[in-house]
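Source file: target-v9.cif (mmCIF, C-alpha atoms)
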```
data_upload
#
loop_
_atom_site.group_PDB
_atom_site.id
_atom_site.type_symbol
_atom_site.label_atom_id
_atom_site.label_comp_id
_atom_site.auth_asym_id
_atom_site.auth_seq_id
_atom_site.Cartn_x
_atom_site.Cartn_y
_atom_site.Cartn_z
ATOM 1 C CA MET D 183 -4.321 150.012 49.330
ATOM 2 C CA ALA D 184 -5.424 151.658 52.557
ATOM 3 C CA THR D 185 -5.938 154.902 50.683
ATOM 4 C CA THR D 186 -8.180 153.179 48.128
ATOM 5 C CA ILE D 187 -10.246 151.496 50.827
ATOM 6 C CA THR D 188 -10.667 154.779 52.653
ATOM 7 C CA ARG D 189 -11.837 156.555 49.515
ATOM 8 C CA LYS D 190 -14.409 153.805 48.675
ATOM 9 C CA LEU D 191 -15.696 153.340 52.207
ATOM 10 C CA PRO D 192 -19.119 154.993 51.431
ATOM 11 C CA HIS D 193 -19.538 152.699 48.434
ATOM 12 C CA PHE D 194 -18.765 149.653 50.617
ATOM 13 C CA ARG D 195 -21.445 150.744 53.076
ATOM 14 C CA TYR D 196 -23.970 151.302 50.297
ATOM 15 C CA ILE D 197 -23.260 147.900 48.675
ATOM 16 C CA TYR D 198 -23.549 146.148 52.033
ATOM 17 C CA ARG D 199 -26.924 147.760 52.774
ATOM 18 C CA CYS D 200 -28.201 146.869 49.291
ATOM 19 C CA LEU D 201 -27.155 143.253 49.674
ATOM 20 C CA TYR D 202 -28.669 143.076 53.133
ATOM 21 C CA HIS D 203 -32.046 144.459 51.951
ATOM 22 C CA HIS D 204 -32.135 142.179 48.917
ATOM 23 C CA GLN D 205 -31.431 139.042 50.948
ATOM 24 C CA HIS D 206 -34.065 139.787 53.584
ATOM 25 C CA THR D 207 -36.644 140.563 50.910
ATOM 26 C CA ARG D 208 -36.209 137.093 49.419
ATOM 27 C CA LEU D 209 -36.284 135.528 52.867
ATOM 28 C CA PHE D 210 -39.633 137.125 53.802
ATOM 29 C CA GLN D 211 -41.236 136.210 50.480
ATOM 30 C CA ALA D 212 -40.164 132.557 50.576
ATOM 31 C CA SER D 213 -40.975 131.810 54.243
ATOM 32 C CA PRO D 214 -44.285 129.822 54.836
ATOM 33 C CA HIS D 215 -44.722 131.088 58.361
ATOM 34 C CA PRO D 216 -47.091 134.057 58.782
ATOM 35 C CA LEU D 217 -44.690 135.807 61.068
ATOM 36 C CA PHE D 218 -42.194 136.136 58.306
ATOM 37 C CA ARG D 219 -44.710 137.289 55.717
ATOM 38 C CA GLN D 220 -44.486 140.771 57.135
ATOM 39 C CA SER D 221 -42.965 143.391 54.942
ATOM 40 C CA PRO D 222 -39.230 143.901 55.504
ATOM 41 C CA PRO D 223 -38.075 147.152 56.948
ATOM 42 C CA SER D 224 -38.052 149.904 54.452
ATOM 43 C CA PHE D 225 -34.677 150.874 52.972
ATOM 44 C CA HIS D 226 -33.969 154.471 52.244
ATOM 45 C CA PRO D 227 -30.860 155.002 50.196
ATOM 46 C CA ASP D 228 -28.426 157.669 51.054
ATOM 47 C CA LYS D 229 -29.313 160.867 49.277
ATOM 48 C CA ASN D 230 -25.662 161.694 48.706
ATOM 49 C CA VAL D 231 -24.994 158.386 46.969
ATOM 50 C CA GLN D 232 -26.368 157.770 43.524
ATOM 51 C CA VAL D 233 -28.531 154.661 43.519
ATOM 52 C CA GLN D 234 -27.440 152.105 40.958
ATOM 53 C CA PRO D 235 -28.139 148.425 40.446
ATOM 54 C CA ILE D 236 -25.980 146.157 42.587
ATOM 55 C CA GLY D 237 -24.160 144.509 39.661
ATOM 56 C CA ALA D 238 -23.405 147.803 37.936
ATOM 57 C CA ALA D 239 -22.275 149.431 41.187
ATOM 58 C CA PHE D 240 -19.965 146.537 42.030
ATOM 59 C CA ARG D 241 -18.404 146.519 38.539
ATOM 60 C CA ARG D 242 -17.926 150.279 38.670
ATOM 61 C CA TYR D 243 -16.289 149.985 42.071
ATOM 62 C CA MET D 244 -13.841 147.314 40.930
ATOM 63 C CA CYS D 245 -12.762 149.288 37.859
ATOM 64 C CA THR D 246 -12.334 152.587 39.653
ATOM 65 C CA GLY D 247 -10.678 150.867 42.614
ATOM 66 C CA ALA D 248 -8.047 149.164 40.456
ATOM 67 C CA ALA D 249 -7.303 152.399 38.597
ATOM 68 C CA ALA D 250 -7.080 154.370 41.812
ATOM 69 C CA SER D 251 -4.750 151.750 43.319
ATOM 70 C CA ALA D 252 -2.388 151.953 40.352
ATOM 71 C CA THR D 253 -2.430 155.752 40.428
ATOM 72 C CA THR D 254 -1.784 155.822 44.174
ATOM 73 C CA THR D 255 1.148 153.414 43.835
ATOM 74 C CA ALA D 256 2.731 155.530 41.115
ATOM 75 C CA ASN D 257 2.257 158.711 43.121
ATOM 76 C CA THR D 258 3.775 157.087 46.216
ATOM 77 C CA THR D 259 6.843 155.965 44.259
ATOM 78 C CA VAL D 260 7.414 159.370 42.673
ATOM 79 C CA SER D 261 6.619 161.637 45.615
ATOM 80 C CA PRO D 262 5.838 160.280 49.082
ATOM 81 C CA ALA D 263 4.979 163.793 50.303
ATOM 82 C CA ASN D 264 2.236 164.307 47.638
ATOM 83 C CA SER D 265 0.744 160.912 48.425
ATOM 84 C CA ALA D 266 0.577 161.774 52.106
ATOM 85 C CA ALA D 267 -1.141 165.072 51.315
ATOM 86 C CA GLU D 268 -3.767 163.423 49.084
ATOM 87 C CA THR D 269 -4.409 160.763 51.693
ATOM 88 C CA ALA D 270 -4.990 163.339 54.410
ATOM 89 C CA LYS D 271 -7.343 165.287 52.112
ATOM 90 C CA ALA D 272 -9.356 162.219 51.117
ATOM 91 C CA GLY D 273 -10.008 161.058 54.702
ATOM 92 C CA GLY D 274 -13.716 160.368 55.437
ATOM 93 C CA ASP D 275 -13.637 161.199 59.156
ATOM 94 C CA GLY D 276 -11.308 162.402 61.910
ATOM 95 C CA HIS D 277 -10.137 158.903 62.881
ATOM 96 C CA THR D 278 -9.256 157.946 59.326
ATOM 97 C CA GLY D 279 -7.341 161.189 58.794
ATOM 98 C CA SER D 280 -5.353 160.553 61.958
ATOM 99 C CA ASP D 281 -4.414 157.041 60.830
ATOM 100 C CA GLU D 282 -3.321 158.328 57.436
ATOM 101 C CA SER D 283 -1.238 161.073 59.061
ATOM 102 C CA ASN D 284 0.500 158.529 61.314
ATOM 103 C CA GLN D 285 1.172 156.263 58.328
ATOM 104 C CA SER D 286 2.605 159.195 56.358
ATOM 105 C CA SER D 287 4.867 160.095 59.294
ATOM 106 C CA GLY D 288 6.028 156.481 59.500
ATOM 107 C CA GLN D 289 6.869 156.492 55.806
ATOM 108 C CA LYS D 290 8.875 159.689 56.206
ATOM 109 C CA GLY D 291 10.720 158.230 59.185
ATOM 110 C CA LYS D 292 11.595 155.111 57.224
ATOM 111 C CA PHE D 293 12.835 157.249 54.384
ATOM 112 C CA PHE D 294 15.293 159.139 56.592
ATOM 113 C CA ARG D 295 16.311 156.140 58.653
ATOM 114 C CA GLY D 296 17.058 154.180 55.523
ATOM 115 C CA ALA D 297 19.405 156.839 54.122
ATOM 116 C CA PRO D 298 22.794 155.507 52.866
ATOM 117 C CA VAL D 299 24.889 157.528 55.404
ATOM 118 C CA SER D 300 23.739 158.786 58.786
ATOM 119 C CA TRP D 301 25.478 161.264 61.047
ATOM 120 C CA LEU D 302 26.563 158.483 63.447
ATOM 121 C CA SER D 303 28.080 156.324 60.726
ATOM 122 C CA PHE D 304 29.788 159.388 59.227
ATOM 123 C CA LEU D 305 31.311 160.254 62.622
ATOM 124 C CA LEU D 306 32.487 156.680 63.145
ATOM 125 C CA LEU D 307 34.068 156.716 59.687
ATOM 126 C CA ILE D 308 36.000 159.906 60.477
ATOM 127 C CA LEU D 309 37.195 158.546 63.850
ATOM 128 C CA THR D 310 38.302 155.273 62.286
ATOM 129 C CA GLY D 311 40.220 157.057 59.543
ATOM 130 C CA ALA D 312 41.931 159.363 62.045
ATOM 131 C CA GLY D 313 42.891 156.381 64.201
ATOM 132 C CA LEU D 314 44.419 154.549 61.249
ATOM 133 C CA VAL D 315 46.398 157.619 60.195
ATOM 134 C CA PHE D 316 47.708 158.118 63.740
ATOM 135 C CA TYR D 317 48.667 154.444 64.072
ATOM 136 C CA TYR D 318 50.467 154.416 60.723
ATOM 137 C CA ASP D 319 52.349 157.631 61.527
ATOM 138 C CA ASN D 320 53.399 156.319 64.941
ATOM 139 C CA GLU D 321 54.622 153.013 63.525
ATOM 140 C CA LYS D 322 56.546 154.855 60.811
ATOM 141 C CA LYS D 323 58.312 157.019 63.412
ATOM 142 C CA LYS D 324 59.201 153.935 65.471
ATOM 143 C CA HIS D 325 60.598 152.214 62.399
ATOM 144 C CA ILE D 326 62.726 155.212 61.440
ATOM 145 C CA GLN D 327 63.950 155.598 65.033
ATOM 146 C CA GLY D 328 64.887 151.921 65.141
ATOM 147 C CA ILE D 329 66.884 152.258 61.913
ATOM 148 C CA ASN D 330 68.708 155.309 63.265
ATOM 149 C CA ASP D 331 69.478 153.612 66.581
ATOM 150 C CA SER D 332 70.760 150.467 64.923
ATOM 151 C CA SER D 333 72.969 152.466 62.560
ATOM 152 C CA THR D 334 74.524 154.643 65.277
ATOM 153 C CA ALA D 335 74.802 152.095 68.064
ATOM 154 C CA VAL D 336 78.096 150.265 68.426
ATOM 155 C CA LYS D 337 77.426 146.552 68.804
ATOM 156 C CA GLN D 338 79.789 144.336 70.697
ATOM 157 C CA GLY D 339 80.451 141.407 68.435
ATOM 158 C CA PRO D 340 81.159 137.894 69.617
ATOM 159 C CA SER D 341 84.722 137.176 70.673
ATOM 160 C CA ALA D 342 86.653 134.996 68.270
ATOM 161 C CA GLY D 343 89.602 134.436 70.594
ATOM 162 C CA GLN D 344 92.565 136.531 71.678
ATOM 163 C CA ALA D 345 94.024 138.999 69.193
ATOM 164 C CA ALA D 346 97.393 138.028 67.767
ATOM 165 C CA ILE D 347 99.119 141.163 69.064
ATOM 166 C CA GLY D 348 102.355 141.054 70.993
ATOM 167 C CA GLY D 349 105.179 138.565 71.100
ATOM 168 C CA PRO D 350 108.862 138.083 71.853
ATOM 169 C CA PHE D 351 111.369 140.848 71.265
ATOM 170 C CA ASN D 352 115.046 141.441 72.089
ATOM 171 C CA LEU D 353 115.930 145.160 72.442
ATOM 172 C CA VAL D 354 118.115 147.515 74.441
ATOM 173 C CA ASN D 355 116.771 149.891 77.093
ATOM 174 C CA HIS D 356 117.851 153.507 77.580
ATOM 175 C CA ASP D 357 120.486 152.351 80.081
ATOM 176 C CA GLY D 358 122.157 150.097 77.482
ATOM 177 C CA LYS D 359 120.914 146.791 78.949
ATOM 178 C CA SER D 360 119.469 144.042 76.788
ATOM 179 C CA VAL D 361 115.846 143.298 77.621
ATOM 180 C CA THR D 362 113.134 140.946 76.364
ATOM 181 C CA GLU D 363 109.384 140.662 76.950
ATOM 182 C CA LYS D 364 110.103 138.328 79.884
ATOM 183 C CA ASP D 365 111.556 141.217 81.877
ATOM 184 C CA PHE D 366 108.082 142.707 82.117
ATOM 185 C CA LEU D 367 106.181 139.641 83.276
ATOM 186 C CA GLY D 368 104.061 140.172 86.375
ATOM 187 C CA LYS D 369 103.425 143.821 85.549
ATOM 188 C CA TRP D 370 100.726 145.714 83.692
ATOM 189 C CA THR D 371 102.362 147.426 80.733
ATOM 190 C CA ILE D 372 101.379 150.019 78.130
ATOM 191 C CA VAL D 373 103.497 149.904 74.950
ATOM 192 C CA TYR D 374 103.801 152.815 72.501
ATOM 193 C CA PHE D 375 105.809 152.923 69.240
ATOM 194 C CA GLY D 376 107.306 156.243 68.041
ATOM 195 C CA PHE D 377 110.554 158.082 67.400
ATOM 196 C CA THR D 378 112.446 160.861 69.136
ATOM 197 C CA HIS D 379 112.447 163.259 66.178
ATOM 198 C CA CYS D 380 108.666 163.285 65.967
ATOM 199 C CA PRO D 381 107.597 166.948 65.869
ATOM 200 C CA ASP D 382 104.198 166.828 67.625
ATOM 201 C CA ILE D 383 102.225 163.564 67.718
ATOM 202 C CA CYS D 384 104.663 161.474 69.736
ATOM 203 C CA PRO D 385 105.225 164.178 72.390
ATOM 204 C CA ASP D 386 101.464 164.653 72.770
ATOM 205 C CA GLU D 387 100.803 160.925 73.115
ATOM 206 C CA LEU D 388 103.621 160.401 75.606
ATOM 207 C CA GLN D 389 102.420 163.304 77.739
ATOM 208 C CA LYS D 390 98.932 161.806 77.746
ATOM 209 C CA LEU D 391 100.370 158.419 78.712
ATOM 210 C CA ALA D 392 102.392 159.910 81.566
ATOM 211 C CA ALA D 393 99.377 161.813 82.948
ATOM 212 C CA ALA D 394 97.144 158.713 82.700
ATOM 213 C CA ILE D 395 99.681 156.580 84.599
ATOM 214 C CA ASP D 396 99.733 159.038 87.512
ATOM 215 C CA LYS D 397 95.925 159.237 87.590
ATOM 216 C CA ILE D 398 95.568 155.445 87.508
ATOM 217 C CA LYS D 399 97.903 155.096 90.480
ATOM 218 C CA LYS D 400 96.109 157.832 92.408
ATOM 219 C CA LYS D 401 92.612 156.654 91.554
ATOM 220 C CA ALA D 402 92.977 152.862 91.719
ATOM 221 C CA GLY D 403 96.405 152.276 93.262
ATOM 222 C CA LEU D 404 97.627 150.385 90.210
ATOM 223 C CA GLU D 405 101.227 150.418 88.971
ATOM 224 C CA ILE D 406 101.509 150.641 85.204
ATOM 225 C CA VAL D 407 104.854 150.330 83.376
ATOM 226 C CA PRO D 408 105.077 152.622 80.283
ATOM 227 C CA LEU D 409 107.252 151.419 77.369
ATOM 228 C CA PHE D 410 108.485 153.521 74.463
ATOM 229 C CA ILE D 411 109.869 151.534 71.490
ATOM 230 C CA SER D 412 111.631 153.518 68.770
ATOM 231 C CA VAL D 413 110.833 152.824 65.099
ATOM 232 C CA ASP D 414 113.806 154.918 63.983
ATOM 233 C CA PRO D 415 116.816 152.845 65.066
ATOM 234 C CA GLU D 416 119.160 154.643 62.667
ATOM 235 C CA ARG D 417 118.953 157.879 64.660
ATOM 236 C CA ASP D 418 117.559 156.772 68.031
ATOM 237 C CA ASN D 419 120.541 155.303 69.814
ATOM 238 C CA VAL D 420 120.687 154.597 73.528
ATOM 239 C CA GLU D 421 121.864 158.104 74.443
ATOM 240 C CA GLN D 422 119.193 159.777 72.322
ATOM 241 C CA VAL D 423 116.444 157.626 73.768
ATOM 242 C CA ARG D 424 117.586 158.224 77.356
ATOM 243 C CA GLU D 425 117.482 161.990 76.979
ATOM 244 C CA TYR D 426 114.130 161.785 75.281
ATOM 245 C CA VAL D 427 112.205 159.683 77.830
ATOM 246 C CA LYS D 428 113.381 161.827 80.751
ATOM 247 C CA GLU D 429 111.293 164.681 79.431
ATOM 248 C CA PHE D 430 107.967 162.869 80.019
ATOM 249 C CA HIS D 431 108.003 160.570 83.053
ATOM 250 C CA PRO D 432 110.639 159.082 85.360
ATOM 251 C CA ASN D 433 109.157 155.594 84.997
ATOM 252 C CA LEU D 434 109.018 155.708 81.210
ATOM 253 C CA ILE D 435 111.324 153.023 79.730
ATOM 254 C CA GLY D 436 112.807 153.651 76.262
ATOM 255 C CA LEU D 437 113.791 150.744 74.012
ATOM 256 C CA THR D 438 115.782 150.691 70.801
ATOM 257 C CA GLY D 439 117.887 148.199 68.881
ATOM 258 C CA SER D 440 119.069 147.104 65.490
ATOM 259 C CA PRO D 441 116.812 147.680 62.479
ATOM 260 C CA ASP D 442 116.058 143.948 62.299
ATOM 261 C CA GLU D 443 115.121 143.659 65.968
ATOM 262 C CA VAL D 444 112.964 146.780 65.811
ATOM 263 C CA LYS D 445 111.256 145.394 62.706
ATOM 264 C CA LYS D 446 110.504 142.078 64.479
ATOM 265 C CA ALA D 447 109.033 143.889 67.487
ATOM 266 C CA ALA D 448 106.905 146.160 65.295
ATOM 267 C CA ARG D 449 105.638 143.169 63.303
ATOM 268 C CA ALA D 450 104.719 141.315 66.500
ATOM 269 C CA TYR D 451 102.578 144.246 67.608
ATOM 270 C CA ARG D 452 101.132 144.857 64.151
ATOM 271 C CA VAL D 453 102.659 148.330 63.956
ATOM 272 C CA TYR D 454 103.111 150.107 60.648
ATOM 273 C CA TYR D 455 106.068 152.507 60.097
ATOM 274 C CA MET D 456 107.848 153.968 57.064
ATOM 275 C CA LYS D 457 110.310 156.769 56.313
ATOM 276 C CA THR D 458 108.915 159.829 54.521
ATOM 277 C CA GLU D 459 110.341 163.102 53.046
ATOM 278 C CA GLU D 460 113.933 162.032 53.174
ATOM 279 C CA GLU D 461 116.287 165.020 52.678
ATOM 280 C CA ASP D 462 119.890 164.155 53.570
ATOM 281 C CA SER D 463 119.666 163.064 57.215
ATOM 282 C CA ASP D 464 116.453 164.909 58.065
ATOM 283 C CA TYR D 465 113.304 162.806 57.555
ATOM 284 C CA LEU D 466 110.096 161.808 59.283
ATOM 285 C CA VAL D 467 108.654 158.409 60.067
ATOM 286 C CA ASP D 468 105.029 157.657 59.406
ATOM 287 C CA HIS D 469 103.772 155.116 61.962
ATOM 288 C CA SER D 470 100.738 153.792 63.801
ATOM 289 C CA ILE D 471 99.504 155.941 66.701
ATOM 290 C CA ILE D 472 98.329 153.253 69.130
ATOM 291 C CA MET D 473 98.885 152.320 72.774
ATOM 292 C CA TYR D 474 98.709 148.633 73.708
ATOM 293 C CA LEU D 475 97.619 147.490 77.162
ATOM 294 C CA MET D 476 99.370 144.222 78.069
ATOM 295 C CA ASP D 477 98.469 142.023 81.059
ATOM 296 C CA PRO D 478 101.056 140.597 83.548
ATOM 297 C CA ASN D 479 101.669 137.705 81.105
ATOM 298 C CA MET D 480 102.506 140.187 78.355
ATOM 299 C CA GLN D 481 99.321 139.194 76.529
ATOM 300 C CA PHE D 482 97.316 141.768 74.638
ATOM 301 C CA VAL D 483 94.219 143.153 76.419
ATOM 302 C CA LYS D 484 93.117 146.292 74.575
ATOM 303 C CA PHE D 485 94.427 149.125 72.412
ATOM 304 C CA TYR D 486 93.757 152.886 72.694
ATOM 305 C CA GLY D 487 93.976 155.271 69.761
ATOM 306 C CA LYS D 488 94.591 158.962 69.456
ATOM 307 C CA ASN D 489 90.908 159.764 70.058
ATOM 308 C CA HIS D 490 91.228 158.905 73.772
ATOM 309 C CA ASP D 491 92.056 161.718 76.164
ATOM 310 C CA VAL D 492 93.638 161.381 79.603
ATOM 311 C CA ASP D 493 90.374 160.706 81.438
ATOM 312 C CA SER D 494 89.034 158.125 78.994
ATOM 313 C CA LEU D 495 92.413 156.382 78.887
ATOM 314 C CA THR D 496 92.536 156.294 82.682
ATOM 315 C CA ASP D 497 89.017 154.964 83.108
ATOM 316 C CA GLY D 498 89.467 152.462 80.292
ATOM 317 C CA VAL D 499 92.618 150.936 81.759
ATOM 318 C CA ILE D 500 91.098 150.697 85.242
ATOM 319 C CA GLN D 501 87.964 149.060 83.862
ATOM 320 C CA GLU D 502 89.950 146.499 81.893
ATOM 321 C CA ILE D 503 92.103 145.569 84.879
ATOM 322 C CA LYS D 504 89.010 145.111 87.078
ATOM 323 C CA GLN D 505 87.370 142.851 84.519
ATOM 324 C CA TYR D 506 90.609 140.894 84.148
ATOM 325 C CA ARG D 507 90.752 140.243 87.879
ATOM 326 C CA LYS D 508 87.096 139.137 88.021
ATOM 327 C CA ALA D 509 87.568 136.611 85.228
#
```

If you convert what's in this file into structure tokens, what do you get?
Amino acid sequence: MATTITRKLPHFRYIYRCLYHHQHTRLFQASPHPLFRQSPPSFHPDKNVQVQPIGAAFRRYMCTGAAASATTTANTTVSPANSAAETAKAGGDGHTGSDESNQSSGQKGKFFRGAPVSWLSFLLLILTGAGLVFYYDNEKKKHIQGINDSSTAVKQGPSAGQAAIGGPFNLVNHDGKSVTEKDFLGKWTIVYFGFTHCPDICPDELQKLAAAIDKIKKKAGLEIVPLFISVDPERDNVEQVREYVKEFHPNLIGLTGSPDEVKKAARAYRVYYMKTEEEDSDYLVDHSIIMYLMDPNMQFVKFYGKNHDVDSLTDGVIQEIKQYRKA
């Protein structure tokens, strides 16, 4: 619209001057006063503008103005740059050209500012995406680490009461005297089941037990009574047991008895044993490899398997006795 007005500005001036001259001519002719009967000032049309009747000029202006407006709108929609160039070229004076140039610059600025994606929004999009990827990766690592920790960690379950391990027994010691569990009341005791013809496991476990007892006494000043109960009563008589226990520790007490009494004792301590590879009188006995820590009331406290060495067995027994005394 502004472009159309700028182009037709000379026509507007010409129409205004024609209307002004026509109105004053009628005013001077109709006035009764002598002062106003003077001739109106002469009107000299612009040489550069073709003189036409007022009605014809106005109709021509309206037609050409509407057509020019439609053309300008179409050109602006198709190519803003071409419209700006035509506007600058059609400017009547320096001031009008400056206004059109500023308007063209404003249109260009709006075009770029209204673009779908700017550099700032693109940068924010990249930063947001990177942050989400980092957060997801970190949470995934934490989840995997938590699963690994929970699968490898040993959880201490709730206590459901005292284990049903231990009980009365009636056996014979390596000196030939009859003994029961009551003979060991008031003392901390470690009980181990084995047999004297064991080729390797029993000797290794008894040596570990003997070394742990000495270390416990030296480290904590605690007296522990070691008990060896044979699960092979057919071969392990009193004499055999006495010679066997002397090889490991002077305080080690060996117990044996009839097959029925040995079976009762093994059942009370939940010990498994069975003969294997029987050839005449030479055979082995498969049995549980466990040491049982019993308190001064001959009640079960804790068991220690083959995986414990001398140091862990020593520290474990001391720790259990300390906790027992605090309770």

#### Entry: Picked residues, the PyMOL selection byres ((chain D and resi 487) around 10), expected as a ChimeraX atom specification
/D:387,470-474,485-486,488-491,495

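Here CA of Glu405 (chain D) and CA of Glu421 (chain D) stand 26.4 Å from one another.
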
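For the structure in this document, the set picked by the PyMOL selection byres ((chain D and resi 451) around 9) is D:Ala346, D:Ile347, D:Gly348, D:Gly349, D:Lys446, D:Ala447, D:Ala448, D:Arg449, D:Ala450, D:Arg452, D:Val453, D:Tyr474.
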
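In this structure, CA of Pro478 (chain D) sits 18.9 Å away from CA of Asp396 (chain D).
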
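Compared by their closest atoms to Leu437 (chain D), and using only C-alpha atoms, the residues D:Asp357, D:Glu459, D:Asp497, D:Glu416 rank with D:Asp357 nearest.
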
### Task
Rounded to one decimal place, report the CA of Glu502 (chain D)-CA of Val407 (chain D) distance in Å.
15.5 Å

Enclose all atoms of region 349-353 of chain D listed in the file in an axis-aligned box, grow every side by 4 Å, and hand back centre and edge lengths in Å to one decimal, as lines of an AutoDock Vina configuration file.
```
center_x = 110.6
center_y = 141.6
center_z = 71.8
size_x = 18.8
size_y = 15.1
size_z = 9.3
```

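Closest approach to Lys457 (chain D) among D:Phe377, D:Phe304, D:Phe430, D:Tyr318 is made by D:Phe377 (distances from all atoms listed in the file).
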
### Task
Just say which residues the PyMOL selection byres ((chain D and resi 363) around 9) picks in this file, as JSON, numbers by chain.
{"D": [349, 350, 351, 352, 361, 362, 364, 365, 366, 367, 480]}

### Task
For Leu434 (chain D), work out the shell of residues within 8 Å, counting only C-alpha atoms and skipping chain neighbours fewer than 3 positions away, then give it as a ChimeraX atom specification.
/D:392,407-410,427-428,430-431

Output the selection as a PDB file, in the frame of the given file - C-alpha atoms for each residue.
```pdb
ATOM      1  CA  ALA D 392     102.392 159.910  81.566  1.00  0.00           C
ATOM      2  CA  VAL D 407     104.854 150.330  83.376  1.00  0.00           C
ATOM      3  CA  PRO D 408     105.077 152.622  80.283  1.00  0.00           C
ATOM      4  CA  LEU D 409     107.252 151.419  77.369  1.00  0.00           C
ATOM      5  CA  PHE D 410     108.485 153.521  74.463  1.00  0.00           C
ATOM      6  CA  VAL D 427     112.205 159.683  77.830  1.00  0.00           C
ATOM      7  CA  LYS D 428     113.381 161.827  80.751  1.00  0.00           C
ATOM      8  CA  PHE D 430     107.967 162.869  80.019  1.00  0.00           C
ATOM      9  CA  HIS D 431     108.003 160.570  83.053  1.00  0.00           C
TER      10      HIS D 431
END
```
